[in-house]
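Q: Structure file work_28.csv (CSV, C-alpha atoms and all ligand atoms) right here:
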chain,number,residue,atom,x,y,z
D,12,MET,CA,0.0,0.0,0.0
D,13,ILE,CA,1.1,3.5,-0.7
D,14,SER,CA,-0.3,6.9,0.2
D,15,VAL,CA,-0.4,9.7,-2.4
D,16,PRO,CA,-1.1,13.4,-2.3
D,17,LEU,CA,-4.8,14.2,-2.7
D,18,ASP,CA,-5.5,15.0,-6.4
D,19,LYS,CA,-8.9,16.6,-6.9
D,20,LYS,CA,-8.9,15.6,-10.6
D,21,LYS,CA,-8.4,11.9,-9.8
D,22,HIS,CA,-9.9,11.2,-6.4
D,23,ASN,CA,-13.6,11.1,-5.7
D,24,ARG,CA,-13.8,13.2,-2.6
D,25,HIS,CA,-17.6,13.4,-2.5
D,26,ARG,CA,-17.9,9.6,-2.2
D,27,PHE,CA,-15.8,9.6,1.0
D,28,ASP,CA,-17.8,9.0,4.2
D,29,CYS,CA,-16.2,8.4,7.6
D,30,GLY,CA,-19.4,9.2,9.5
D,31,VAL,CA,-18.1,12.5,10.8
D,32,ASP,CA,-19.4,15.5,8.7
D,33,VAL,CA,-16.7,17.9,9.6
D,34,LEU,CA,-14.0,15.4,8.4
D,35,ASN,CA,-16.0,14.6,5.2
D,36,ASN,CA,-16.5,18.3,4.5
D,37,TYR,CA,-12.9,19.1,5.1
D,38,LEU,CA,-11.8,16.6,2.5
D,39,CYS,CA,-14.4,17.9,-0.1
D,40,LEU,CA,-14.0,21.6,0.5
D,41,MET,CA,-10.8,22.5,2.3
D,42,ALA,CA,-8.0,20.0,1.9
D,43,ASN,CA,-7.0,20.8,-1.7
D,44,GLN,CA,-7.4,24.5,-1.1
D,45,GLN,CA,-5.2,24.5,2.0
D,46,SER,CA,-2.6,22.4,0.2
D,47,SER,CA,-2.5,24.9,-2.7
D,48,LYS,CA,-1.9,27.6,-0.2
D,49,ASP,CA,1.0,25.6,1.4
D,50,ASN,CA,-0.9,25.6,4.8
D,51,SER,CA,-1.1,21.8,5.0
D,52,ARG,CA,-0.7,18.6,3.0
D,53,THR,CA,-3.3,15.9,2.6
D,54,PHE,CA,-2.5,12.3,1.6
D,55,VAL,CA,-4.9,9.6,0.6
D,56,LEU,CA,-4.9,5.9,0.6
D,57,GLU,CA,-6.4,4.7,-2.7
D,58,ASP,CA,-8.5,1.6,-3.2
D,59,ALA,CA,-6.1,-0.4,-5.4
D,60,SER,CA,-9.0,-1.9,-7.4
D,61,GLN,CA,-10.5,1.6,-8.0
D,62,PRO,CA,-7.9,4.3,-7.4
D,63,GLU,CA,-10.4,7.1,-7.5
D,64,TYR,CA,-12.0,5.7,-4.4
D,65,ILE,CA,-10.4,7.0,-1.1
D,66,ILE,CA,-10.1,4.5,1.7
D,67,ALA,CA,-8.6,6.9,4.2
D,68,TYR,CA,-7.0,10.3,4.3
D,69,TYR,CA,-4.8,12.4,6.7
D,70,THR,CA,-3.7,16.0,6.8
D,71,LEU,CA,-0.4,17.2,8.1
D,72,THR,CA,0.9,20.6,9.2
D,73,MET,CA,2.8,22.2,12.1
D,74,THR,CA,1.5,23.7,15.3
D,75,ALA,CA,2.7,25.4,18.5
D,76,VAL,CA,2.6,23.6,21.8
D,77,ASP,CA,1.7,25.1,25.2
D,78,LEU,CA,4.7,23.8,27.1
D,79,GLN,CA,2.8,24.2,30.5
D,80,LYS,CA,0.5,21.4,29.4
D,81,LEU,CA,3.3,18.9,29.2
D,82,PRO,CA,4.7,16.8,32.1
D,83,THR,CA,7.5,18.7,33.9
D,84,LYS,CA,10.2,16.5,32.6
D,85,LEU,CA,9.2,17.2,29.0
D,86,GLN,CA,8.7,20.9,29.7
D,87,LYS,CA,12.3,21.2,30.8
D,88,LYS,CA,13.7,19.0,28.0
D,89,HIS,CA,11.9,21.0,25.2
D,90,GLN,CA,11.8,24.5,26.7
D,91,ALA,CA,13.7,25.9,23.7
D,92,THR,CA,10.9,25.2,21.2
D,93,GLN,CA,7.1,25.2,20.9
D,94,ALA,CA,7.1,23.6,17.5
D,95,ALA,CA,5.3,20.3,16.8
D,96,GLY,CA,4.1,18.3,13.9
D,97,LEU,CA,0.3,18.1,13.7
D,98,ILE,CA,-1.9,15.3,12.4
D,99,ALA,CA,-4.7,17.8,11.7
D,100,ARG,CA,-7.2,15.3,10.3
D,101,LEU,CA,-7.3,11.5,9.9
D,102,ALA,CA,-10.2,9.4,8.9
D,103,VAL,CA,-11.2,6.1,7.3
D,104,ASP,CA,-14.2,5.6,5.1
D,105,LYS,CA,-16.9,3.6,6.9
D,106,ARG,CA,-17.0,1.0,4.1
D,107,TYR,CA,-13.3,0.1,4.9
D,108,ALA,CA,-13.4,0.4,8.7
D,109,LYS,CA,-12.1,-2.1,11.1
D,110,ARG,CA,-9.7,-3.7,8.6
D,111,GLY,CA,-6.5,-2.1,9.8
D,112,PHE,CA,-6.5,0.9,7.5
D,113,GLY,CA,-6.7,3.4,10.4
D,114,GLU,CA,-3.5,1.8,11.9
D,115,TRP,CA,-1.9,1.9,8.4
D,116,VAL,CA,-2.5,5.6,7.8
D,117,LEU,CA,-1.6,6.6,11.3
D,118,ILE,CA,1.8,4.8,11.0
D,119,ASP,CA,2.2,6.3,7.5
D,120,ALA,CA,1.6,9.8,8.9
D,121,LEU,CA,4.0,9.2,11.8
D,122,LYS,CA,6.7,8.0,9.3
D,123,LYS,CA,6.3,11.2,7.2
D,124,LEU,CA,6.5,13.4,10.3
D,125,LEU,CA,9.5,11.5,11.7
D,126,SER,CA,11.3,11.9,8.4
D,127,THR,CA,10.5,15.6,8.3
D,128,SER,CA,11.9,16.0,11.8
D,129,GLU,CA,15.2,14.7,10.7
D,130,THR,CA,15.5,17.8,8.5
D,131,ILE,CA,13.6,20.4,10.6
D,132,GLY,CA,13.9,19.5,14.2
D,133,PHE,CA,10.8,19.4,16.4
D,134,PRO,CA,10.2,17.2,19.4
D,135,LEU,CA,6.5,16.3,19.4
D,136,ILE,CA,3.6,15.2,17.2
D,137,VAL,CA,0.2,16.4,18.2
D,138,VAL,CA,-3.3,15.3,17.3
D,139,ASP,CA,-6.8,16.7,18.1
D,140,ALA,CA,-8.8,13.5,18.4
D,141,LYS,CA,-12.5,13.5,17.7
D,142,GLU,CA,-14.8,12.2,20.4
D,143,GLY,CA,-14.5,8.4,20.4
D,144,ALA,CA,-11.1,8.3,18.8
D,145,VAL,CA,-9.0,9.2,21.9
D,146,GLN,CA,-8.4,5.5,22.7
D,147,PHE,CA,-7.4,4.8,19.1
D,148,TYR,CA,-4.5,7.2,19.5
D,149,GLU,CA,-3.7,6.0,23.1
D,150,LYS,CA,-3.4,2.5,21.7
D,151,PHE,CA,-0.5,3.8,19.6
D,152,GLY,CA,1.4,5.6,22.4
D,153,PHE,CA,-0.2,9.0,22.4
D,154,THR,CA,-0.8,10.7,25.8
D,155,ALA,CA,-3.3,13.5,26.6
D,156,PHE,CA,-1.9,17.0,27.3
D,157,LEU,CA,-2.5,18.0,31.0
D,158,GLY,CA,-6.2,18.9,31.4
D,159,MET,CA,-7.0,18.3,27.7
D,160,LYS,CA,-8.6,15.0,27.2
D,161,ASN,CA,-9.0,15.2,23.3
D,162,LYS,CA,-5.6,16.8,22.6
D,163,LEU,CA,-2.8,14.2,22.6
D,164,PHE,CA,0.9,14.1,21.9
D,165,ILE,CA,3.7,11.6,21.3
D,166,THR,CA,7.4,12.4,21.3
D,167,ILE,CA,9.5,12.1,18.2
D,168,SER,CA,11.9,9.9,20.2
D,169,ASP,CA,9.1,7.5,21.0
D,170,VAL,CA,8.0,7.4,17.4
D,171,ARG,CA,11.6,6.7,16.3
D,172,LEU,CA,11.8,3.9,18.8
D,173,SER,CA,8.6,2.3,17.8
D,174,LEU,CA,9.1,2.5,14.1
D,175,LYS,CA,12.7,1.3,14.2
D,176,ASN,CA,11.9,-2.1,13.1
D,177,THR,CA,9.2,-1.3,10.6
R,1,LIG,C1,-10.8,6.0,14.3
R,1,LIG,C2,-10.6,5.4,12.9
R,1,LIG,C3,-9.5,6.2,12.2
R,1,LIG,C4,-10.2,3.9,13.1
R,1,LIG,O1,-10.0,3.4,11.7
R,1,LIG,P1,-10.1,1.8,11.5
R,1,LIG,O2,-9.6,1.6,10.1
R,1,LIG,O3,-11.5,1.3,11.7
R,1,LIG,O4,-9.1,1.2,12.6
R,1,LIG,P2,-8.2,-0.1,12.5
R,1,LIG,O5,-9.0,-1.2,11.9
R,1,LIG,O6,-6.9,0.2,11.8
R,1,LIG,O7,-8.0,-0.4,14.0
R,1,LIG,C5,-6.7,-0.5,14.5
R,1,LIG,C6,-6.8,-0.8,16.0
R,1,LIG,O8,-7.4,0.3,16.7
R,1,LIG,C7,-8.6,-0.1,17.3
R,1,LIG,N1,-9.6,1.0,17.2
R,1,LIG,C8,-10.1,1.4,16.0
R,1,LIG,N2,-11.0,2.5,16.3
R,1,LIG,C9,-10.9,2.7,17.6
R,1,LIG,C10,-11.5,3.6,18.4
R,1,LIG,N3,-12.4,4.5,18.0
R,1,LIG,N4,-11.2,3.6,19.8
R,1,LIG,C11,-10.4,2.7,20.3
R,1,LIG,N5,-9.7,1.7,19.5
R,1,LIG,C12,-10.0,1.8,18.2
R,1,LIG,C13,-9.0,-1.3,16.7
R,1,LIG,O9,-9.8,-2.2,17.5
R,1,LIG,C14,-7.7,-2.0,16.3
R,1,LIG,O10,-7.2,-2.6,17.5
R,1,LIG,P3,-6.6,-4.2,17.4
R,1,LIG,O11,-5.4,-4.1,16.4
R,1,LIG,O12,-6.2,-4.4,18.8
R,1,LIG,O13,-7.7,-5.0,16.9
R,1,LIG,C15,-11.9,5.4,12.1
R,1,LIG,O14,-12.9,4.8,12.8
R,1,LIG,C16,-12.4,6.8,11.7
R,1,LIG,O15,-12.0,7.4,10.7
R,1,LIG,N6,-13.4,7.3,12.5
R,1,LIG,C17,-14.1,8.6,12.2
R,1,LIG,C18,-13.2,9.8,12.2
R,1,LIG,C19,-12.3,9.9,13.4
R,1,LIG,O16,-12.8,9.8,14.5
R,1,LIG,N7,-11.0,10.2,13.2
R,1,LIG,C20,-10.0,10.3,14.2
R,1,LIG,C21,-9.9,11.5,14.9
R,1,LIG,S1,-9.6,13.0,14.1
Using C-alpha cells, write down the structure that the file contains.

A:
Amino acid sequence: MISVPLDKKKHNRHRFDCGVDVLNNYLCLMANQQSSKDNSRTFVLEDASQPEYIIAYYTLTMTAVDLQKLPTKLQKKHQATQAAGLIARLAVDKRYAKRGFGEWVLIDALKKLLSTSETIGFPLIVVDAKEGAVQFYEKFGFTAFLGMKNKLFITISDVRLSLKNT
C-alpha cells in the first residue's frame, strides 16, 4: 500500500464518508485549497481496485505547543521550542473500517513526520482527536496534554523507537 497526495482531478472526494461530517467536508471543500496555499498537506490511501476511491486520508501541518500542558520532565527538555508536527485530520471511510487501514494511515503519517523531523527538528507530534477516537491514539502511544482529554501528543523519540523495526 502507498499513500499519495490528494489529487482533486483523480480522487472522488464526494464519495468519502467516515461518518463525521466535519471530516468529510474538510476533504471535499478545504483539503485541496489548504494544500495549494501551502498551509497543510493531505494524503490519501487509494483503493487499489479503483484508485479514484479514497479508503482513508490524513492531513499534516505544524502547530505550536503550550509547554505548560506537558509533564514537567518534557517541559524542561523541550523548553527551547514550541514547534510540533500536527496530524490535523485522519479518517477512514466507513466502508473500509475495522480492517487495519486506520492503523496503516496513522503509521504512514508518523513516518512522514519522523522523516521531516530529521531535517527540521521538532520534538513532538500532536493530534486533536474527535470524540470516540482518543483511545485509538492512546493505543499507539499518544498521551493527553494535561487537562485536555482530546488533545494528545507523542514524542518524536518514542515514534523513532517504535518505528525502528518497521
Ligand atoms: C478512528 C478510525 C481512524 C479507526 O480506523 P479503522 O480503520 O477502523 O481502525 P483499524 O481497523 O486500523 O484499528 C486498529 C486498532 O485500533 C482499534 N480502534 C479502532 N478504532 C478505535 C476507536 N475509535 N477507539 C479505540 N480503538 C480503536 C481497533 O480495535 C484496532 O485494534 P486491534 O489491532 O487491537 O484490533 C476510524 O474509525 C475513523 O475514521 N473514525 C471517524 C473519524 C475519526 O474519529 N477520526 C480520528 C480523529 S480525528

Q: So which residues are near ligand LIG 1 (chain R), meaning at most 8 Å away with only C-alpha atoms and all ligand atoms counted, given back as a PDB file with C-alpha atoms, in the frame of the given file?

A:
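New file pocket_7.pdb:
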ATOM      1  CA  CYS D  29     -16.200   8.400   7.600  1.00  0.00           C
ATOM      2  CA  GLY D  30     -19.400   9.200   9.500  1.00  0.00           C
ATOM      3  CA  VAL D  31     -18.100  12.500  10.800  1.00  0.00           C
ATOM      4  CA  LEU D  34     -14.000  15.400   8.400  1.00  0.00           C
ATOM      5  CA  ALA D  67      -8.600   6.900   4.200  1.00  0.00           C
ATOM      6  CA  ALA D  99      -4.700  17.800  11.700  1.00  0.00           C
ATOM      7  CA  ARG D 100      -7.200  15.300  10.300  1.00  0.00           C
ATOM      8  CA  LEU D 101      -7.300  11.500   9.900  1.00  0.00           C
ATOM      9  CA  ALA D 102     -10.200   9.400   8.900  1.00  0.00           C
ATOM     10  CA  VAL D 103     -11.200   6.100   7.300  1.00  0.00           C
ATOM     11  CA  ASP D 104     -14.200   5.600   5.100  1.00  0.00           C
ATOM     12  CA  LYS D 105     -16.900   3.600   6.900  1.00  0.00           C
ATOM     13  CA  TYR D 107     -13.300   0.100   4.900  1.00  0.00           C
ATOM     14  CA  ALA D 108     -13.400   0.400   8.700  1.00  0.00           C
ATOM     15  CA  LYS D 109     -12.100  -2.100  11.100  1.00  0.00           C
ATOM     16  CA  ARG D 110      -9.700  -3.700   8.600  1.00  0.00           C
ATOM     17  CA  GLY D 111      -6.500  -2.100   9.800  1.00  0.00           C
ATOM     18  CA  PHE D 112      -6.500   0.900   7.500  1.00  0.00           C
ATOM     19  CA  GLY D 113      -6.700   3.400  10.400  1.00  0.00           C
ATOM     20  CA  GLU D 114      -3.500   1.800  11.900  1.00  0.00           C
ATOM     21  CA  TRP D 115      -1.900   1.900   8.400  1.00  0.00           C
ATOM     22  CA  LEU D 117      -1.600   6.600  11.300  1.00  0.00           C
ATOM     23  CA  VAL D 138      -3.300  15.300  17.300  1.00  0.00           C
ATOM     24  CA  ASP D 139      -6.800  16.700  18.100  1.00  0.00           C
ATOM     25  CA  ALA D 140      -8.800  13.500  18.400  1.00  0.00           C
ATOM     26  CA  LYS D 141     -12.500  13.500  17.700  1.00  0.00           C
ATOM     27  CA  GLU D 142     -14.800  12.200  20.400  1.00  0.00           C
ATOM     28  CA  GLY D 143     -14.500   8.400  20.400  1.00  0.00           C
ATOM     29  CA  ALA D 144     -11.100   8.300  18.800  1.00  0.00           C
ATOM     30  CA  VAL D 145      -9.000   9.200  21.900  1.00  0.00           C
ATOM     31  CA  GLN D 146      -8.400   5.500  22.700  1.00  0.00           C
ATOM     32  CA  PHE D 147      -7.400   4.800  19.100  1.00  0.00           C
ATOM     33  CA  TYR D 148      -4.500   7.200  19.500  1.00  0.00           C
ATOM     34  CA  GLU D 149      -3.700   6.000  23.100  1.00  0.00           C
ATOM     35  CA  LYS D 150      -3.400   2.500  21.700  1.00  0.00           C
TER      36      LYS D 150
END

Q: Enclose all atoms of range 16-27 of chain D listed in the file in an axis-aligned box, grow every side by 5 Å, and hand back centre and edge lengths in Å to one decimal, as JSON.

A:
{"center_x": -9.5, "center_y": 13.1, "center_z": -4.8, "size_x": 26.8, "size_y": 17.0, "size_z": 21.6}

Q: With distances taken over only C-alpha atoms, which residue among D:Ser47, D:Gln79, D:Gln61, D:Asn23 lies nearest Gln93 in chain D?

A: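 Using only C-alpha atoms, the shortest distance to Gln93 in chain D belongs to D:Gln79.
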
Q: Using all atoms listed in the file for the distances, tell me which of D:Tyr64, D:Phe164, D:Tyr37, D:Phe156 is nearest to His22 in chain D.

A: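 Answer, going by the shortest atom-to-atom distance: D:Tyr64.
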
Q: Report, in Å with one decimal, the straight-line distance from CA of Ser14 in chain D to CA of Asn50 in chain D.

A: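 These two atoms are separated by 19.3 Å.
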
Q: Rounded to one decimal place, report the CA of Phe54 in chain D-CA of Arg106 in chain D distance in Å.

A: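 CA of Arg106 in chain D lies 18.6 Å from CA of Phe54 in chain D.
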
Q: In Å, rounded to a single decimal, give me how far CA of His89 in chain D is from CA of Gly132 in chain D.

A: 11.3 Å

Q: As a PyMOL selection string, please: the residues near Ser173 in chain D (cut-off 10 Å, only C-alpha atoms, same-chain neighbours under 3 positions excluded).

A: chain D and resi 118+151-152+167-170+176-177

Q: Restricting the output to C-alpha atoms, write the selected residues as a PDB file, in the coordinates of the input.

A:
ATOM      1  CA  ILE D 118       1.800   4.800  11.000  1.00  0.00           C
ATOM      2  CA  PHE D 151      -0.500   3.800  19.600  1.00  0.00           C
ATOM      3  CA  GLY D 152       1.400   5.600  22.400  1.00  0.00           C
ATOM      4  CA  ILE D 167       9.500  12.100  18.200  1.00  0.00           C
ATOM      5  CA  SER D 168      11.900   9.900  20.200  1.00  0.00           C
ATOM      6  CA  ASP D 169       9.100   7.500  21.000  1.00  0.00           C
ATOM      7  CA  VAL D 170       8.000   7.400  17.400  1.00  0.00           C
ATOM      8  CA  ASN D 176      11.900  -2.100  13.100  1.00  0.00           C
ATOM      9  CA  THR D 177       9.200  -1.300  10.600  1.00  0.00           C
TER      10      THR D 177
END

Q: Rank D:Val55, D:Leu17, D:Ile165, D:Leu157 by their smallest atom-to-atom distance to Thr83 in chain D, using all atoms listed in the file, and report the top residue only.

A: D:Leu157

Q: I need the residue nearest Thr127 in chain D from this list: D:Ala75, D:Leu40, D:Ala95, D:Leu85. Use all atoms listed in the file for the distance.

A: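 For Thr127 in chain D, the nearest of the given residues is D:Ala95.
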
Q: Which residues are near Ile136 in chain D? Cut-off 10 Å, all atoms listed in the file, ignore same chain within fewer than 6 positions. Put them as a PyMOL selection string.

A: chain D and resi 73-74+76+94-98+121+124-125+128+153+163-167+170

Q: Could you check which residues have any atom within 7 Å of (1.1, 19.6, 5.5), counting all atoms listed in the file with coordinates taken straight from the file, and then list them as a PyMOL selection string?

A: chain D and resi 50-53+70-72

Q: Find the residue from D:Thr92, D:Lys80, D:Lys175, D:Phe133 that sits nearest to Met159 in chain D; use all atoms listed in the file when measuring.

A: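 Answer, going by the shortest atom-to-atom distance: D:Lys80.
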
Q: Smallest atom-to-atom distance to Thr154 in chain D: which of D:Leu135, D:Asp18, D:Ser46, D:Asp77, using all atoms listed in the file?

A: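 Comparing D:Leu135, D:Asp18, D:Ser46, D:Asp77 against Thr154 in chain D, the winner is D:Leu135.
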